[in-house]
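*Asks:* Sending over work26.txt (compact mmCIF, C-alpha atoms).
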```txt
# COMPACT_ATOMS: atom_id res chain seq x y z
CA MET A 1 78.96 161.45 141.00
CA ILE A 2 80.05 158.26 139.31
CA ASP A 3 76.70 158.02 137.61
CA ALA A 4 77.00 161.49 136.19
CA LYS A 5 80.41 160.68 134.71
CA ARG A 6 79.11 157.53 133.09
CA ARG A 7 76.32 159.50 131.54
CA THR A 8 78.71 162.02 130.02
CA LEU A 9 80.87 159.23 128.67
CA LEU A 10 77.89 157.50 127.09
CA LYS A 11 76.67 160.73 125.53
CA GLY A 12 80.13 161.42 124.20
CA SER A 13 80.56 158.05 122.53
CA LEU A 14 77.11 158.26 120.97
CA GLY A 15 78.00 161.61 119.47
CA VAL A 16 81.22 160.28 117.98
CA SER A 17 79.57 157.30 116.35
CA ALA A 18 76.91 159.55 114.79
CA ILE A 19 79.65 161.64 113.20
CA GLY A 20 81.35 158.47 111.99
CA VAL A 21 78.19 157.39 110.21
CA ALA A 22 77.76 160.80 108.62
CA VAL A 23 81.36 160.84 107.39
CA SER A 24 81.25 157.39 105.86
CA ALA A 25 77.95 158.24 104.16
CA GLY A 26 79.58 161.38 102.74
CA LEU A 27 82.61 159.46 101.55
CA LEU A 28 80.49 156.91 99.75
CA MET A 29 78.62 159.53 97.77
CA PRO A 30 81.25 160.82 95.31
CA GLY A 31 82.06 157.28 94.19
CA ALA A 32 78.42 156.62 93.46
CA VAL A 33 77.98 159.88 91.56
CA LEU A 34 81.25 159.74 89.64
CA ALA A 35 81.25 156.15 88.48
CA ASN A 36 82.98 157.31 85.27
CA TRP A 37 86.00 158.96 86.90
CA PRO A 38 88.93 156.78 85.76
CA LYS A 39 90.74 156.44 89.11
CA ALA A 40 93.46 154.05 87.90
CA ALA A 41 94.37 156.33 84.99
CA PHE A 42 94.55 159.42 87.20
CA GLU A 43 96.62 157.63 89.85
CA ALA A 44 99.08 156.07 87.37
CA THR A 45 102.59 157.37 87.92
CA ASP A 46 103.85 157.21 84.34
CA THR A 47 102.43 158.48 81.08
CA ASP A 48 102.16 155.16 79.25
CA ALA A 49 100.31 153.48 82.11
CA ALA A 50 97.95 156.45 82.48
CA LEU A 51 97.11 156.44 78.78
CA SER A 52 96.62 152.72 78.53
CA GLU A 53 94.33 152.79 81.61
CA LEU A 54 92.41 155.74 80.20
CA LEU A 55 92.07 154.67 76.57
CA GLY A 56 92.35 150.91 76.84
CA SER A 57 95.00 150.86 74.12
CA ASP A 58 98.72 151.44 73.63
CA ALA A 59 98.42 152.09 69.89
CA ILE A 60 99.09 155.83 69.82
CA LYS A 61 100.56 157.60 66.77
CA ASN A 62 102.29 160.99 66.61
CA SER A 63 100.25 163.23 64.34
CA ASP A 64 100.24 166.74 62.86
CA LEU A 65 96.47 166.65 63.16
CA VAL A 66 96.82 167.32 66.89
CA LYS A 67 97.88 170.87 67.69
CA ILE A 68 99.07 171.89 71.11
CA LYS A 69 99.68 175.44 72.24
CA ALA A 70 101.66 176.03 75.44
CA PRO A 71 104.40 178.44 76.45
CA ASP A 72 108.06 177.45 75.78
CA ILE A 73 108.93 178.76 79.23
CA ALA A 74 106.54 178.85 82.19
CA GLU A 75 107.79 180.94 85.08
CA ASN A 76 105.08 179.65 87.37
CA GLY A 77 104.41 175.91 87.14
CA ALA A 78 101.17 176.34 89.09
CA VAL A 79 99.47 178.03 86.14
CA VAL A 80 100.52 176.87 82.66
CA PRO A 81 98.02 177.69 79.89
CA VAL A 82 97.48 174.82 77.46
CA THR A 83 95.26 174.76 74.36
CA VAL A 84 94.63 171.66 72.28
CA GLU A 85 92.93 171.54 68.87
CA SER A 86 92.55 168.82 66.31
CA ASP A 87 91.81 168.67 62.59
CA ALA A 88 91.35 164.91 62.74
CA PRO A 89 87.91 163.76 61.60
CA GLY A 90 85.69 162.15 64.20
CA ALA A 91 87.47 163.36 67.33
CA GLN A 92 85.87 161.77 70.40
CA SER A 93 88.04 162.91 73.28
CA ILE A 94 90.98 165.16 74.15
CA SER A 95 93.36 164.30 77.00
CA ILE A 96 96.12 166.45 78.50
CA ILE A 97 99.23 165.05 80.20
CA ALA A 98 102.16 166.67 82.00
CA ALA A 99 104.81 163.97 81.62
CA GLY A 100 106.95 165.17 84.55
CA ASN A 101 104.22 165.21 87.21
CA ASN A 102 103.89 162.52 89.91
CA THR A 103 100.59 161.57 88.35
CA PRO A 104 100.86 162.76 84.73
CA LEU A 105 97.24 162.62 83.57
CA ILE A 106 95.75 166.08 84.10
CA ALA A 107 92.40 165.99 82.36
CA SER A 108 90.39 164.20 79.73
CA PHE A 109 87.48 165.73 77.85
CA ASP A 110 84.77 163.66 76.18
CA LEU A 111 83.39 165.51 73.18
CA GLY A 112 79.65 165.52 72.46
CA ALA A 113 78.24 165.30 68.93
CA ASP A 114 78.33 169.08 68.40
CA ALA A 115 81.61 169.81 70.19
CA VAL A 116 84.44 171.37 68.21
CA PRO A 117 87.69 169.49 68.98
CA PHE A 118 89.12 172.39 70.97
CA VAL A 119 89.84 172.84 74.64
CA SER A 120 91.83 175.43 76.56
CA THR A 121 92.68 175.31 80.25
CA ARG A 122 95.47 175.95 82.77
CA ILE A 123 97.47 173.16 84.36
CA LYS A 124 100.05 172.56 87.11
CA MET A 125 103.52 171.35 86.18
CA ALA A 126 106.04 170.04 88.74
CA GLU A 127 109.08 170.43 86.48
CA THR A 128 110.31 170.97 82.93
CA ALA A 129 108.67 168.28 80.82
CA ASP A 130 106.60 167.48 77.76
CA VAL A 131 102.98 168.46 77.71
CA ILE A 132 101.26 165.76 75.70
CA ALA A 133 97.90 166.07 73.98
CA VAL A 134 96.10 162.89 72.99
CA VAL A 135 93.05 162.82 70.73
CA ARG A 136 90.95 159.73 70.28
CA THR A 137 89.38 159.65 66.81
CA GLU A 138 87.26 157.12 64.97
CA ASP A 139 90.43 156.01 63.13
CA GLY A 140 92.75 155.64 66.11
CA ILE A 141 94.54 157.52 68.85
CA LEU A 142 96.77 160.47 67.92
CA ARG A 143 99.22 162.50 69.95
CA ALA A 144 101.43 165.58 69.90
CA ALA A 145 103.88 166.88 72.48
CA GLN A 146 105.57 170.14 73.35
CA GLU A 147 108.26 170.73 75.94
CA VAL A 148 107.57 173.42 78.53
CA LYS A 149 110.48 174.70 80.62
CA VAL A 150 109.27 175.32 84.17
CA THR A 151 111.16 177.83 86.31
CA ILE A 152 109.25 177.24 89.59
CA GLY A 153 107.33 173.98 89.97
CA GLY A 154 103.66 174.18 90.83
CA CYS A 155 102.67 170.99 92.59
CA GLY A 156 104.31 170.61 96.00
CA GLY A 157 104.71 173.19 98.72
CA MET B 1 74.66 182.15 93.98
CA SER B 2 77.01 180.42 91.68
CA ASN B 3 80.75 180.68 91.73
CA ILE B 4 81.12 179.86 88.03
CA ARG B 5 81.59 182.79 85.69
CA ILE B 6 80.65 181.99 82.10
CA ARG B 7 80.82 183.91 78.84
CA ALA B 8 79.41 182.44 75.64
CA ASN B 9 79.58 184.10 72.23
CA ALA B 10 78.10 182.79 68.98
CA ARG B 11 79.81 183.71 65.72
CA ASP B 12 79.53 182.18 62.23
CA GLY B 13 77.63 179.18 63.57
CA VAL B 14 80.13 178.35 66.31
CA THR B 15 79.75 179.18 69.99
CA THR B 16 82.85 179.82 72.09
CA VAL B 17 82.51 179.44 75.86
CA ARG B 18 84.95 180.69 78.48
CA ALA B 19 84.47 179.87 82.14
CA ILE B 20 86.24 180.39 85.45
CA MET B 21 85.33 178.31 88.49
CA ASN B 22 86.32 179.12 92.08
CA HIS B 23 87.95 176.04 93.58
CA GLU B 24 91.06 175.31 95.65
CA MET B 25 92.12 172.32 93.48
CA GLU B 26 94.18 171.01 96.40
CA THR B 27 96.51 168.18 95.34
CA GLY B 28 96.83 166.41 98.69
CA GLN B 29 100.63 166.66 98.36
CA ARG B 30 101.03 169.95 100.22
CA LYS B 31 101.56 170.39 103.94
CA ASP B 32 100.17 173.05 106.22
CA LYS B 33 103.02 175.51 106.89
CA ASP B 34 102.16 175.92 110.59
CA THR B 35 101.17 172.42 111.69
CA GLY B 36 103.11 170.29 109.18
CA GLU B 37 99.94 168.29 108.61
CA PRO B 38 99.18 167.23 105.04
CA ILE B 39 96.37 169.23 103.44
CA PRO B 40 93.76 166.74 102.14
CA ALA B 41 93.12 166.55 98.41
CA HIS B 42 90.12 168.61 97.32
CA PHE B 43 89.57 169.05 93.61
CA ILE B 44 86.97 169.06 90.86
CA GLN B 45 86.63 165.62 89.27
CA GLU B 46 83.93 166.13 86.69
CA VAL B 47 82.72 169.11 84.67
CA THR B 48 79.68 168.87 82.44
CA ALA B 49 78.87 171.52 79.82
CA LYS B 50 75.42 171.75 78.29
CA TRP B 51 73.98 173.79 75.42
CA ASN B 52 70.27 173.99 76.26
CA ASP B 53 69.59 170.31 77.13
CA GLU B 54 72.42 168.79 75.10
CA VAL B 55 75.69 167.76 76.72
CA VAL B 56 78.47 169.17 74.51
CA MET B 57 81.46 168.21 76.65
CA THR B 58 82.32 166.28 79.81
CA GLY B 59 85.66 166.92 81.48
CA LEU B 60 87.27 164.43 83.88
CA TRP B 61 89.93 166.14 85.95
CA SER B 62 92.74 165.45 88.38
CA SER B 63 94.11 167.94 90.89
CA GLY B 64 96.65 168.87 88.17
CA VAL B 65 94.23 171.47 86.82
CA SER B 66 95.23 174.87 88.24
CA LYS B 67 93.50 176.51 91.21
CA ASN B 68 90.38 178.44 90.23
CA PRO B 69 90.14 176.51 86.95
CA TYR B 70 89.81 178.18 83.57
CA LEU B 71 88.08 176.27 80.81
CA SER B 72 87.31 177.26 77.24
CA PHE B 73 85.57 175.10 74.65
CA MET B 74 83.58 175.46 71.42
CA PHE B 75 80.57 173.82 69.84
CA ASN B 76 78.77 173.95 66.50
CA GLY B 77 75.47 175.81 66.73
CA GLY B 78 74.08 178.11 69.37
CA GLU B 79 72.12 181.30 68.97
CA LYS B 80 71.72 184.47 70.94
CA GLY B 81 69.59 183.74 74.01
CA ASP B 82 70.34 180.00 74.15
CA THR B 83 71.54 178.72 77.51
CA VAL B 84 74.97 177.35 78.35
CA GLU B 85 75.15 175.49 81.66
CA ILE B 86 78.28 174.26 83.42
CA THR B 87 78.21 171.93 86.43
CA TRP B 88 81.16 170.66 88.44
CA VAL B 89 81.36 167.91 91.07
CA ASP B 90 84.42 167.55 93.31
CA ASN B 91 85.96 164.61 95.18
CA LYS B 92 83.98 165.48 98.33
CA GLY B 93 80.70 165.31 96.43
CA GLU B 94 80.24 169.08 96.49
CA SER B 95 78.77 170.60 93.36
CA GLU B 96 78.08 173.93 91.66
CA THR B 97 76.14 174.89 88.56
CA GLY B 98 76.35 178.12 86.59
CA THR B 99 74.47 179.30 83.53
CA ALA B 100 74.84 182.04 80.94
CA GLU B 101 72.95 183.20 77.89
CA ILE B 102 74.77 183.12 74.57
CA SER B 103 75.39 186.65 73.27
```
Show the structure stored in the file as structure tokens.

*Replies:*
Amino acid sequence: MIDAKRRTLLKGSLGVSAIGVAVSAGLLMPGAVLANWPKAAFEATDTDAALSELLGSDAIKNSDLVKIKAPDIAENGAVVPVTVESDAPGAQSISIIAAGNNTPLIASFDLGADAVPFVSTRIKMAETADVIAVVRTEDGILRAAQEVKVTIGGCGG
Amino acid sequence: MSNIRIRANARDGVTTVRAIMNHEMETGQRKDKDTGEPIPAHFIQEVTAKWNDEVVMTGLWSSGVSKNPYLSFMFNGGEKGDTVEITWVDNKGESETGTAEIS
């Protein structure tokens, strides 16, 4: 009787450790695959820190060459359409920020050689705040902002 | 079967792509209504868009992109019959790829 119990216990603990190994192997994988994902920038809790982590520079100028299209009022903060375009020559990346979110950096797009500096997506906004578009060009980093009034926030629950 | 729906249209030398991906885009900040347990973050981190074999755009995302993400982008070039391929990888290492022909 005692023997049988011991056996079950042993079996059980073996099973658990096998799962543990599988889980840690699974957790290691994304890091290895996504070496480029800028964790510190995405986890930064204010806009300036996020941008300086992402772009490695604080020298950002307001510019008419960055155009941002977003609604003035968003009834549902969970789905706010945002479109960013740029006329600046040599655009290399487009980043989108919701300044009022816990972690403001939403997305950053690296543009290939043939990409048109244009991106359109839908973002979550926690509260009324500026949506900021940042475009890195060969001549510097440019930005534009537009306030979006959010009726119902779209981050928590 | 892919869960990425892609449309690509070429016009005057520019191809416009529109895509919708099925993904929860869970922030990790929400709690389960019944158990009160936090729902773990689960979101797409990287999206790669290719025209034939050329990478035209790479998107790095947080969970601040809306559920079932919509993405539109454009590139110079592209002809009817060329392939547009979109691949995403999420924070759990899961991945999906979808393709479409330019029309």

*Asks:* Sort by chain and increasing residue number a table of all residues of chain A within 7 Å of chain B, each with its closest pair of atoms and their distance in Å to one decimal, counting all atoms listed in the file, and write it as JSON lines.

*Replies:*
```
{"residue": "A:Leu27", "atom": "CA", "partner": "B:Lys92", "partner_atom": "CA", "distance": 7.0}
{"residue": "A:Met29", "atom": "CA", "partner": "B:Gly93", "partner_atom": "CA", "distance": 6.3}
{"residue": "A:Pro30", "atom": "CA", "partner": "B:Gly93", "partner_atom": "CA", "distance": 4.7}
{"residue": "A:Trp37", "atom": "CA", "partner": "B:Leu60", "partner_atom": "CA", "distance": 6.4}
{"residue": "A:Phe42", "atom": "CA", "partner": "B:Ser62", "partner_atom": "CA", "distance": 6.4}
{"residue": "A:Ala78", "atom": "CA", "partner": "B:Ser66", "partner_atom": "CA", "distance": 6.2}
{"residue": "A:Val79", "atom": "CA", "partner": "B:Ser66", "partner_atom": "CA", "distance": 5.7}
{"residue": "A:Ile106", "atom": "CA", "partner": "B:Gly64", "partner_atom": "CA", "distance": 5.0}
{"residue": "A:Ala107", "atom": "CA", "partner": "B:Trp61", "partner_atom": "CA", "distance": 4.4}
{"residue": "A:Ser108", "atom": "CA", "partner": "B:Leu60", "partner_atom": "CA", "distance": 5.2}
{"residue": "A:Phe109", "atom": "CA", "partner": "B:Gly59", "partner_atom": "CA", "distance": 4.2}
{"residue": "A:Asp110", "atom": "CA", "partner": "B:Thr58", "partner_atom": "CA", "distance": 5.1}
{"residue": "A:Leu111", "atom": "CA", "partner": "B:Met57", "partner_atom": "CA", "distance": 4.8}
{"residue": "A:Gly112", "atom": "CA", "partner": "B:Val56", "partner_atom": "CA", "distance": 4.3}
{"residue": "A:Ala113", "atom": "CA", "partner": "B:Val56", "partner_atom": "CA", "distance": 6.8}
{"residue": "A:Asp114", "atom": "CA", "partner": "B:Asn76", "partner_atom": "CA", "distance": 5.2}
{"residue": "A:Ala115", "atom": "CA", "partner": "B:Phe75", "partner_atom": "CA", "distance": 4.2}
{"residue": "A:Val116", "atom": "CA", "partner": "B:Phe75", "partner_atom": "CA", "distance": 4.9}
{"residue": "A:Phe118", "atom": "CA", "partner": "B:Phe73", "partner_atom": "CA", "distance": 5.8}
{"residue": "A:Val119", "atom": "CA", "partner": "B:Phe73", "partner_atom": "CA", "distance": 4.8}
{"residue": "A:Ser120", "atom": "CA", "partner": "B:Ser72", "partner_atom": "CA", "distance": 4.9}
{"residue": "A:Thr121", "atom": "CA", "partner": "B:Leu71", "partner_atom": "CA", "distance": 4.7}
{"residue": "A:Arg122", "atom": "CA", "partner": "B:Ser66", "partner_atom": "CA", "distance": 5.6}
{"residue": "A:Ile123", "atom": "CA", "partner": "B:Val65", "partner_atom": "CA", "distance": 4.4}
{"residue": "A:Lys124", "atom": "CA", "partner": "B:Gly64", "partner_atom": "CA", "distance": 5.1}
{"residue": "A:Gly156", "atom": "CA", "partner": "B:Arg30", "partner_atom": "CA", "distance": 5.4}
{"residue": "A:Gly157", "atom": "CA", "partner": "B:Arg30", "partner_atom": "CA", "distance": 5.1}
```

*Asks:* Applying 10 Å and all atoms listed in the file, which residues near stretch 139-148 of chain A remain after dropping the ones on its own chain fewer than 3 positions away? List them as a PyMOL selection string.

*Replies:* chain A and resi 55+57-75+77+80+84+86+88-99+125+127-136+151

*Asks:* Grab the atom CA of B:Glu85 to atom CA of B:Glu101 distance for me, in Å with one decimal place.

*Replies:* 8.9 Å

*Asks:* Would you be able to write out as number ranges by chain which residues have an atom within 9 Å of (77.1, 182.5, 74.7) in the file's coordinates, counting all atoms listed in the file?

*Replies:* B: 6-10, 15-18, 78-84, 100-103

*Asks:* Would you compute the distance between atom CA of A:Leu54 and atom CA of A:Pro38? Give it in Å to one decimal.

*Replies:*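 Those two atoms sit 6.6 Å apart.
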